[in-house]
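Colleague: What follows is input34.cif, made up of mmCIF, C-alpha atoms:
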```
data_upload
loop_
_atom_site.group_PDB
_atom_site.id
_atom_site.type_symbol
_atom_site.label_atom_id
_atom_site.label_comp_id
_atom_site.auth_asym_id
_atom_site.auth_seq_id
_atom_site.Cartn_x
_atom_site.Cartn_y
_atom_site.Cartn_z
ATOM 1 C CA MET A 1 -5.517 -23.921 18.983
ATOM 2 C CA ARG A 2 -3.012 -21.483 17.497
ATOM 3 C CA ASP A 3 -4.170 -18.307 15.781
ATOM 4 C CA PHE A 4 -2.525 -15.344 14.103
ATOM 5 C CA ARG A 5 -0.968 -14.129 17.381
ATOM 6 C CA ASP A 6 1.229 -17.259 17.401
ATOM 7 C CA ALA A 7 2.544 -16.657 13.879
ATOM 8 C CA LYS A 8 6.211 -16.261 14.764
ATOM 9 C CA ALA A 9 6.212 -19.407 16.876
ATOM 10 C CA MET A 10 4.477 -21.256 14.056
ATOM 11 C CA ALA A 11 7.075 -19.980 11.581
ATOM 12 C CA HIS A 12 9.881 -21.196 13.837
ATOM 13 C CA SER A 13 8.268 -24.623 14.209
ATOM 14 C CA LEU A 14 7.803 -24.843 10.450
ATOM 15 C CA ARG A 15 11.461 -24.038 9.788
ATOM 16 C CA GLU A 16 12.610 -26.631 12.303
ATOM 17 C CA ALA A 17 10.307 -29.301 10.897
ATOM 18 C CA LEU A 18 11.446 -28.671 7.328
ATOM 19 C CA LYS A 19 15.081 -28.488 8.404
ATOM 20 C CA ALA A 20 14.772 -32.037 9.730
ATOM 21 C CA LYS A 21 13.730 -33.051 6.220
ATOM 22 C CA SER A 22 16.679 -31.192 4.653
ATOM 23 C CA VAL A 23 14.464 -28.366 3.396
ATOM 24 C CA SER A 24 15.815 -24.908 4.165
ATOM 25 C CA LEU A 25 13.668 -21.772 4.542
ATOM 26 C CA THR A 26 14.616 -18.301 5.684
ATOM 27 C CA HIS A 27 12.703 -16.703 8.536
ATOM 28 C CA SER A 28 10.945 -14.349 6.098
ATOM 29 C CA GLU A 29 9.923 -17.226 3.825
ATOM 30 C CA SER A 30 8.462 -19.168 6.738
ATOM 31 C CA LEU A 31 6.497 -16.109 7.887
ATOM 32 C CA GLU A 32 5.037 -15.713 4.400
ATOM 33 C CA LEU A 33 3.949 -19.370 4.375
ATOM 34 C CA VAL A 34 2.327 -19.032 7.798
ATOM 35 C CA ALA A 35 0.485 -15.899 6.678
ATOM 36 C CA ARG A 36 -0.944 -17.736 3.674
ATOM 37 C CA THR A 37 -1.841 -20.734 5.857
ATOM 38 C CA LEU A 38 -3.875 -18.400 8.069
ATOM 39 C CA GLY A 39 -5.744 -17.081 5.031
ATOM 40 C CA LEU A 40 -3.912 -13.778 4.590
ATOM 41 C CA PRO A 41 -2.132 -12.676 1.392
ATOM 42 C CA ASP A 42 1.272 -11.917 2.920
ATOM 43 C CA TRP A 43 3.237 -11.180 6.091
ATOM 44 C CA ASN A 44 2.492 -7.437 5.994
ATOM 45 C CA HIS A 45 -1.220 -8.122 6.439
ATOM 46 C CA LEU A 46 -0.512 -10.633 9.180
ATOM 47 C CA ALA A 47 1.796 -8.173 10.942
ATOM 48 C CA ALA A 48 -1.047 -5.670 11.045
ATOM 49 C CA ARG A 49 -3.245 -8.189 12.815
ATOM 50 C CA ILE A 50 -0.526 -9.075 15.283
ATOM 51 C CA GLU A 51 0.075 -5.403 16.033
ATOM 52 C CA SER A 52 -3.550 -4.606 16.708
ATOM 53 C CA SER A 53 -4.837 -8.035 17.839
ATOM 54 C CA LEU A 54 -7.978 -7.135 15.920
ATOM 55 C CA PRO A 55 -9.590 -8.532 12.764
ATOM 56 C CA PRO A 56 -7.892 -7.269 9.619
ATOM 57 C CA LEU A 57 -8.739 -3.775 8.454
ATOM 58 C CA MET A 58 -10.628 -4.197 5.223
ATOM 59 C CA PRO A 59 -11.385 -1.481 2.683
ATOM 60 C CA ALA A 60 -14.802 0.036 2.996
ATOM 61 C CA ALA A 61 -17.306 -0.801 0.301
ATOM 62 C CA ALA A 62 -16.945 1.327 -2.816
ATOM 63 C CA THR A 63 -19.961 3.535 -2.252
ATOM 64 C CA ASN A 64 -20.673 7.232 -2.014
ATOM 65 C CA SER A 65 -20.784 7.099 1.792
ATOM 66 C CA ILE A 66 -18.868 9.840 3.603
ATOM 67 C CA THR A 67 -16.319 9.145 6.329
ATOM 68 C CA ALA A 68 -16.251 12.079 8.727
ATOM 69 C CA GLY A 69 -13.230 13.403 10.545
ATOM 70 C CA ILE A 70 -10.508 10.981 9.466
ATOM 71 C CA PRO A 71 -6.984 12.104 10.472
ATOM 72 C CA ILE A 72 -4.891 13.266 7.519
ATOM 73 C CA VAL A 73 -1.211 12.481 6.951
ATOM 74 C CA PRO A 74 0.224 14.831 4.291
ATOM 75 C CA MET A 75 3.131 13.385 2.296
ATOM 76 C CA ARG A 76 5.835 15.610 0.821
ATOM 77 C CA ASP A 77 7.280 13.455 -1.968
ATOM 78 C CA LEU A 78 5.389 10.154 -1.884
ATOM 79 C CA VAL A 79 2.182 8.963 -3.532
ATOM 80 C CA VAL A 80 0.695 5.961 -1.732
ATOM 81 C CA PHE A 81 -1.433 3.494 -3.699
ATOM 82 C CA PRO A 82 -3.987 0.917 -2.502
ATOM 83 C CA GLN A 83 -2.337 -2.308 -1.250
ATOM 84 C CA MET A 84 1.022 -0.539 -1.045
ATOM 85 C CA VAL A 85 2.977 -1.044 2.190
ATOM 86 C CA ALA A 86 5.387 1.809 2.890
ATOM 87 C CA PRO A 87 7.585 3.094 5.701
ATOM 88 C CA ILE A 88 7.077 6.788 6.469
ATOM 89 C CA PHE A 89 8.567 9.211 8.959
ATOM 90 C CA VAL A 90 6.490 11.793 10.821
ATOM 91 C CA GLY A 91 8.063 14.780 12.547
ATOM 92 C CA ARG A 92 5.411 17.510 12.294
ATOM 93 C CA GLU A 93 3.504 17.953 15.525
ATOM 94 C CA LYS A 94 0.032 18.193 13.938
ATOM 95 C CA THR A 95 0.644 15.008 11.988
ATOM 96 C CA ARG A 96 1.928 13.271 15.121
ATOM 97 C CA ARG A 97 -1.358 14.157 16.834
ATOM 98 C CA ALA A 98 -3.253 12.762 13.836
ATOM 99 C CA ILE A 99 -1.353 9.480 14.138
ATOM 100 C CA GLU A 100 -2.015 9.266 17.873
ATOM 101 C CA ARG A 101 -5.744 9.768 17.265
ATOM 102 C CA ALA A 102 -5.744 7.023 14.633
ATOM 103 C CA LEU A 103 -3.926 4.600 16.948
ATOM 104 C CA ALA A 104 -6.413 5.350 19.702
ATOM 105 C CA THR A 105 -9.389 4.577 17.437
ATOM 106 C CA ASP A 106 -9.479 2.358 14.323
ATOM 107 C CA ARG A 107 -5.858 2.833 13.141
ATOM 108 C CA ARG A 108 -7.014 4.449 9.908
ATOM 109 C CA VAL A 109 -5.572 7.600 8.394
ATOM 110 C CA PHE A 110 -5.991 9.369 5.088
ATOM 111 C CA VAL A 111 -2.669 9.667 3.271
ATOM 112 C CA VAL A 112 -2.529 12.362 0.609
ATOM 113 C CA THR A 113 0.321 14.101 -1.194
ATOM 114 C CA GLN A 114 1.133 17.795 -0.849
ATOM 115 C CA ARG A 115 1.200 19.941 -3.977
ATOM 116 C CA ARG A 116 4.333 21.704 -2.672
ATOM 117 C CA SER A 117 6.818 19.620 -0.722
ATOM 118 C CA ALA A 118 8.289 22.700 1.008
ATOM 119 C CA ASP A 119 4.984 23.523 2.742
ATOM 120 C CA ASP A 120 5.480 22.731 6.454
ATOM 121 C CA ASP A 121 1.858 23.309 7.506
ATOM 122 C CA PRO A 122 -0.341 22.353 4.545
ATOM 123 C CA GLN A 123 -4.087 22.919 4.704
ATOM 124 C CA LEU A 124 -6.621 21.066 2.573
ATOM 125 C CA ASP A 125 -6.251 23.412 -0.389
ATOM 126 C CA ALA A 126 -2.515 22.640 -0.455
ATOM 127 C CA LEU A 127 -3.160 18.912 -0.929
ATOM 128 C CA TYR A 128 -4.097 16.934 -3.998
ATOM 129 C CA PRO A 129 -7.827 16.068 -4.136
ATOM 130 C CA VAL A 130 -7.339 12.276 -4.088
ATOM 131 C CA GLY A 131 -5.420 10.074 -1.670
ATOM 132 C CA VAL A 132 -5.851 6.697 0.006
ATOM 133 C CA THR A 133 -7.168 5.513 3.315
ATOM 134 C CA ALA A 134 -4.444 3.518 5.040
ATOM 135 C CA ALA A 135 -3.975 1.302 8.067
ATOM 136 C CA VAL A 136 -1.165 2.063 10.495
ATOM 137 C CA ILE A 137 0.595 -1.277 10.892
ATOM 138 C CA ASN A 138 3.124 -0.265 13.519
ATOM 139 C CA ARG A 139 4.812 2.727 15.110
ATOM 140 C CA VAL A 140 8.301 3.257 16.499
ATOM 141 C CA VAL A 141 9.423 6.438 18.262
ATOM 142 C CA LEU A 142 12.999 7.337 17.256
ATOM 143 C CA THR A 143 15.470 9.001 19.613
ATOM 144 C CA ASP A 144 14.779 12.462 18.180
ATOM 145 C CA GLY A 145 11.026 12.056 18.669
ATOM 146 C CA THR A 146 10.285 11.323 15.018
ATOM 147 C CA LEU A 147 7.673 8.623 14.431
ATOM 148 C CA LYS A 148 8.627 5.777 12.108
ATOM 149 C CA LEU A 149 5.478 4.133 10.770
ATOM 150 C CA ALA A 150 4.578 1.290 8.475
ATOM 151 C CA ILE A 151 1.316 1.923 6.647
ATOM 152 C CA SER A 152 -0.751 -0.212 4.280
ATOM 153 C CA GLY A 153 -2.853 1.518 1.619
ATOM 154 C CA LEU A 154 -6.495 0.456 1.517
ATOM 155 C CA GLU A 155 -8.607 2.352 -1.038
ATOM 156 C CA ARG A 156 -8.813 5.540 -3.078
ATOM 157 C CA ALA A 157 -10.835 8.399 -1.652
ATOM 158 C CA ALA A 158 -11.522 12.036 -2.386
ATOM 159 C CA VAL A 159 -10.999 14.829 0.129
ATOM 160 C CA GLY A 160 -14.138 16.583 1.263
ATOM 161 C CA LYS A 161 -14.912 19.211 3.881
ATOM 162 C CA ALA A 162 -12.363 20.050 6.569
ATOM 163 C CA VAL A 163 -13.175 19.100 10.149
ATOM 164 C CA ALA A 164 -12.010 21.410 12.939
ATOM 165 C CA ASP A 165 -9.652 19.592 15.282
ATOM 166 C CA GLU A 166 -6.210 19.810 16.901
ATOM 167 C CA PHE A 167 -4.821 18.174 13.781
ATOM 168 C CA LEU A 168 -5.660 18.155 10.078
ATOM 169 C CA ALA A 169 -8.793 16.091 9.458
ATOM 170 C CA ALA A 170 -11.537 15.982 6.853
ATOM 171 C CA GLU A 171 -14.514 14.171 5.465
ATOM 172 C CA ILE A 172 -13.584 11.762 2.656
ATOM 173 C CA ALA A 173 -15.593 9.795 0.104
ATOM 174 C CA PRO A 174 -14.462 6.460 -1.394
ATOM 175 C CA ILE A 175 -13.880 6.487 -5.150
ATOM 176 C CA GLU A 176 -15.561 3.721 -7.095
ATOM 177 C CA GLU A 177 -13.422 2.179 -9.834
ATOM 178 C CA SER A 178 -14.760 1.167 -13.239
ATOM 179 C CA ASN A 179 -13.927 -1.099 -16.188
ATOM 180 C CA GLY A 180 -11.837 -3.496 -14.141
ATOM 181 C CA GLN A 181 -13.586 -6.738 -15.064
ATOM 182 C CA THR A 182 -13.436 -6.518 -18.839
ATOM 183 C CA ASP A 183 -11.552 -8.429 -21.516
ATOM 184 C CA LYS A 184 -9.730 -5.211 -22.407
ATOM 185 C CA ALA A 185 -8.546 -4.772 -18.823
ATOM 186 C CA VAL A 186 -7.191 -8.337 -18.717
ATOM 187 C CA LEU A 187 -5.419 -7.861 -22.052
ATOM 188 C CA LEU A 188 -3.900 -4.576 -20.908
ATOM 189 C CA SER A 189 -2.820 -6.234 -17.662
ATOM 190 C CA ARG A 190 -0.851 -8.814 -19.597
ATOM 191 C CA LEU A 191 0.728 -6.135 -21.804
ATOM 192 C CA VAL A 192 1.653 -4.013 -18.789
ATOM 193 C CA LEU A 193 3.160 -6.933 -16.915
ATOM 194 C CA ASP A 194 5.185 -8.093 -19.925
ATOM 195 C CA ALA A 195 6.372 -4.542 -20.646
ATOM 196 C CA TYR A 196 7.387 -3.947 -17.037
ATOM 197 C CA ARG A 197 9.283 -7.237 -16.793
ATOM 198 C CA MET A 198 11.186 -6.345 -19.960
ATOM 199 C CA PHE A 199 11.879 -2.791 -18.754
ATOM 200 C CA ALA A 200 13.042 -3.906 -15.298
ATOM 201 C CA ASN A 201 14.929 -6.881 -16.769
ATOM 202 C CA VAL A 202 13.399 -9.339 -14.322
ATOM 203 C CA ASP A 203 12.084 -12.850 -14.816
ATOM 204 C CA TYR A 204 9.698 -14.135 -12.160
ATOM 205 C CA SER A 205 8.712 -17.261 -14.070
ATOM 206 C CA HIS A 206 10.865 -19.536 -11.898
ATOM 207 C CA VAL A 207 10.196 -17.861 -8.551
ATOM 208 C CA PRO A 208 8.752 -20.435 -6.090
ATOM 209 C CA PRO A 209 5.067 -19.720 -5.335
ATOM 210 C CA GLN A 210 5.743 -19.219 -1.619
ATOM 211 C CA LEU A 211 8.085 -16.320 -2.427
ATOM 212 C CA GLN A 212 5.873 -14.488 -4.890
ATOM 213 C CA ALA A 213 3.870 -12.660 -2.219
ATOM 214 C CA ARG A 214 7.058 -11.520 -0.476
ATOM 215 C CA LEU A 215 8.359 -10.161 -3.776
ATOM 216 C CA HIS A 216 5.006 -8.455 -4.454
ATOM 217 C CA LEU A 217 4.759 -10.104 -7.869
ATOM 218 C CA PRO A 218 1.958 -8.461 -9.880
ATOM 219 C CA ASP A 219 -0.912 -10.687 -10.962
ATOM 220 C CA ILE A 220 -2.923 -10.128 -14.148
ATOM 221 C CA GLY A 221 -5.923 -11.748 -12.471
ATOM 222 C CA ASP A 222 -6.721 -8.436 -10.747
ATOM 223 C CA PRO A 223 -6.163 -5.554 -13.212
ATOM 224 C CA SER A 224 -6.636 -2.848 -10.578
ATOM 225 C CA LEU A 225 -4.167 -4.458 -8.175
ATOM 226 C CA LEU A 226 -1.648 -4.998 -10.962
ATOM 227 C CA ALA A 227 -1.851 -1.344 -12.000
ATOM 228 C CA ASP A 228 -1.426 -0.162 -8.415
ATOM 229 C CA THR A 229 1.506 -2.554 -7.882
ATOM 230 C CA VAL A 230 3.407 -1.410 -10.977
ATOM 231 C CA ALA A 231 2.666 2.328 -10.684
ATOM 232 C CA PRO A 232 4.921 3.018 -7.639
ATOM 233 C CA LEU A 233 7.809 1.170 -9.338
ATOM 234 C CA LEU A 234 7.953 3.411 -12.381
ATOM 235 C CA PRO A 235 10.646 6.128 -12.723
ATOM 236 C CA VAL A 236 8.120 8.943 -13.118
ATOM 237 C CA SER A 237 7.364 12.234 -11.389
ATOM 238 C CA ILE A 238 5.155 12.754 -8.361
ATOM 239 C CA GLU A 239 2.646 14.513 -10.613
ATOM 240 C CA GLN A 240 2.464 11.518 -12.967
ATOM 241 C CA ARG A 241 1.987 9.104 -10.065
ATOM 242 C CA GLN A 242 -0.733 11.314 -8.651
ATOM 243 C CA GLU A 243 -2.462 11.309 -12.023
ATOM 244 C CA LEU A 244 -2.443 7.492 -11.985
ATOM 245 C CA LEU A 245 -3.887 7.512 -8.476
ATOM 246 C CA GLU A 246 -6.680 9.846 -9.578
ATOM 247 C CA THR A 247 -7.592 7.683 -12.609
ATOM 248 C CA SER A 248 -10.552 5.593 -11.465
ATOM 249 C CA ASP A 249 -11.107 3.965 -14.876
ATOM 250 C CA ILE A 250 -8.877 0.883 -14.638
ATOM 251 C CA THR A 251 -8.430 0.395 -18.387
ATOM 252 C CA ALA A 252 -7.412 4.058 -18.736
ATOM 253 C CA ARG A 253 -4.978 3.649 -15.833
ATOM 254 C CA LEU A 254 -3.405 0.581 -17.441
ATOM 255 C CA GLU A 255 -3.097 2.415 -20.758
ATOM 256 C CA GLU A 256 -1.357 5.323 -19.008
ATOM 257 C CA ILE A 257 1.042 2.924 -17.275
ATOM 258 C CA LEU A 258 1.827 1.179 -20.551
ATOM 259 C CA ASP A 259 2.619 4.532 -22.174
ATOM 260 C CA LEU A 260 4.858 5.497 -19.237
ATOM 261 C CA ILE A 261 6.776 2.210 -19.444
ATOM 262 C CA LYS A 262 7.312 2.664 -23.176
ATOM 263 C CA ALA A 263 8.538 6.233 -22.595
ATOM 264 C CA ALA A 264 10.930 5.022 -19.892
ATOM 265 C CA GLN A 265 12.262 2.321 -22.214
ATOM 266 C CA LYS A 266 13.003 4.916 -24.902
ATOM 267 C CA ALA A 267 14.732 7.190 -22.399
ATOM 268 C CA ALA A 268 16.882 4.369 -20.966
#
```
Can the structure in the file be given as structure tokens, please?
Modeller:
Amino acid sequence: MRDFRDAKAMAHSLREALKAKSVSLTHSESLELVARTLGLPDWNHLAARIESSLPPLMPAAATNSITAGIPIVPMRDLVVFPQMVAPIFVGREKTRRAIERALATDRRVFVVTQRRSADDDPQLDALYPVGVTAAVINRVVLTDGTLKLAISGLERAAVGKAVADEFLAAEIAPIEESNGQTDKAVLLSRLVLDAYRMFANVDYSHVPPQLQARLHLPDIGDPSLLADTVAPLLPVSIEQRQELLETSDITARLEEILDLIKAAQKAA
């Protein structure tokens, strides 16, 4: 019986079968459909499973438990949010060693933004206090030795005590969110989504369901996920994005996003 490791073959078979019925799908669309058939939200999550041939990396429970010694990947000009999939490039030797350690263990890293992008060897006090745990989906070594990675954000966490190692590592503690399952959060989600669609001048109402995951269409059914989907799309500063990342109250985060969208609309 086929499983997630056969996804590309399944996608090819699906395209051929539908083609015989005069239904055309792109390769990407067929991969998205296969991912959903296998119970995963999109191809990025499925790709992570194919890469590791392990069960999917799930966020740890939102508790006060401490994770010791997780490798840290400092980012110069990027704030990563939970559920965000992003390509990053790693050239610093200490960070390369951190990535290698993660790939040799559970593929998890802690991604956190530097306060000063020009700092080539940041220590913990040069980083913001909140980042995200992330799964390394894949790694490619470029001709100049730089690592090109795809990472998937998992959950917010706060930086704790440094751990002595050959690379930057530290204890981290997951951050528990609040006020996400309230009527106010749902209302704010709808307002944020409507405001963003108007600001970005996009209309997803006629997008076929099988393409919505590929387009990362926000969903008001999960206020936290909607906020973290819209936040990286806004034309705001690194400091403002970091502030959104550090806001654990979901209704407050949605209110901040709504204010930022309105400000961007006025400035446009």
Colleague: Calculated over all atoms listed in the file, which of the candidates A:Arg156, A:Arg107, A:Arg253, A:Lys266 has the smallest distance to A:Val192?
Modeller: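 Answer, going by the shortest atom-to-atom distance: A:Arg253.
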Colleague: Given the choices A:Thr95, A:Asn201, A:Ser189, A:Thr247, which gets closest to A:Ala157 if the distance is worked out from all atoms listed in the file?
Modeller: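 With all atoms listed in the file as the atom set, the closest residue is A:Thr247.
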Colleague: What is the atom CA of A:Arg115-atom CA of A:Val236 distance in Å, reported with one decimal?
Modeller: 15.9 Å
Colleague: What's the 8 Å shell around stretch 128-135 of chain A, counting all atoms listed in the file, without same-chain residues fewer than 3 positions away, as a list of chain:residue names?
Modeller: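 Here the answer would be A:Leu57, A:Val79, A:Val80, A:Phe81, A:Pro82, A:Arg107, A:Arg108, A:Val109, A:Phe110, A:Val111, A:Val112, A:Thr113, A:Gln114, A:Arg115, A:Asp125, A:Ile151, A:Ser152, A:Gly153, A:Leu154, A:Glu155, A:Arg156, A:Ala157, A:Ala158, A:Val159, A:Leu245, A:Glu246.
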Colleague: Can you tell me which residues surround stretch 96-99 of chain A at a distance of at most 12 Å, considering only C-alpha atoms, apart from same-chain residues fewer than 4 positions away, and format the answer as a PyMOL selection string?
Modeller: chain A and resi 69-74+88-92+103-111+134-141+145-151+165-170
Colleague: Can you work out which one of A:Ala200, A:Asp144, A:Ala118, A:Leu258 has the shortest atom-to-atom distance to A:Leu233, counting all atoms listed in the file?
Modeller: A:Ala200
Colleague: Record the distance separating atom CA of A:Pro223 and atom CA of A:Ala86, expressed in Å with one decimal.
Modeller: 21.1 Å
Colleague: So how many Å separate atom CA of A:Ala162 and atom CA of A:Asp228, to one decimal?
Modeller: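 Separating atom CA of A:Ala162 from atom CA of A:Asp228 is a distance of 27.4 Å.
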Colleague: So that I can check the surroundings of A:Asp183, please list as a VMD selection string every protein, DNA and RNA residue that reaches within 12 Å of it, counting all atoms listed in the file and ignoring chain neighbours fewer than 3 positions away.
Modeller: chain A and resid 179 to 180 186 to 190 220 to 223 250 to 251
Colleague: Find the spatial neighbours of A:Ala264, counting all atoms listed in the file, within a cut-off of 9 Å - ignore same-chain residues fewer than 6 positions away - and output them as a ChimeraX atom specification.
Modeller: /A:199,234-236
Colleague: In terms of the shortest atom-to-atom distance over all atoms listed in the file, which of A:Ala268, A:Glu243, A:Gln123, A:Val230 is closest to A:Asp194?
Modeller: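 Of A:Ala268, A:Glu243, A:Gln123, A:Val230, the one nearest A:Asp194 is A:Val230, counting all atoms listed in the file.
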Colleague: Return the padded bounding box of stretch 186-192 of chain A as lines of an AutoDock Vina configuration file: axis-aligned, built from all atoms listed in the file, 8 Å added on each side, with centre and edge lengths in Å to one decimal.
Modeller:
```
center_x = -2.8
center_y = -6.4
center_z = -19.9
size_x = 24.8
size_y = 20.8
size_z = 20.4
```
Colleague: Select, from A:Ala102, A:Asp259, A:Ser248, A:Arg116, the residue with the minimum atom-to-atom distance to A:Ile175, counting only C-alpha atoms.
Modeller: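 Closest candidate: A:Ser248.
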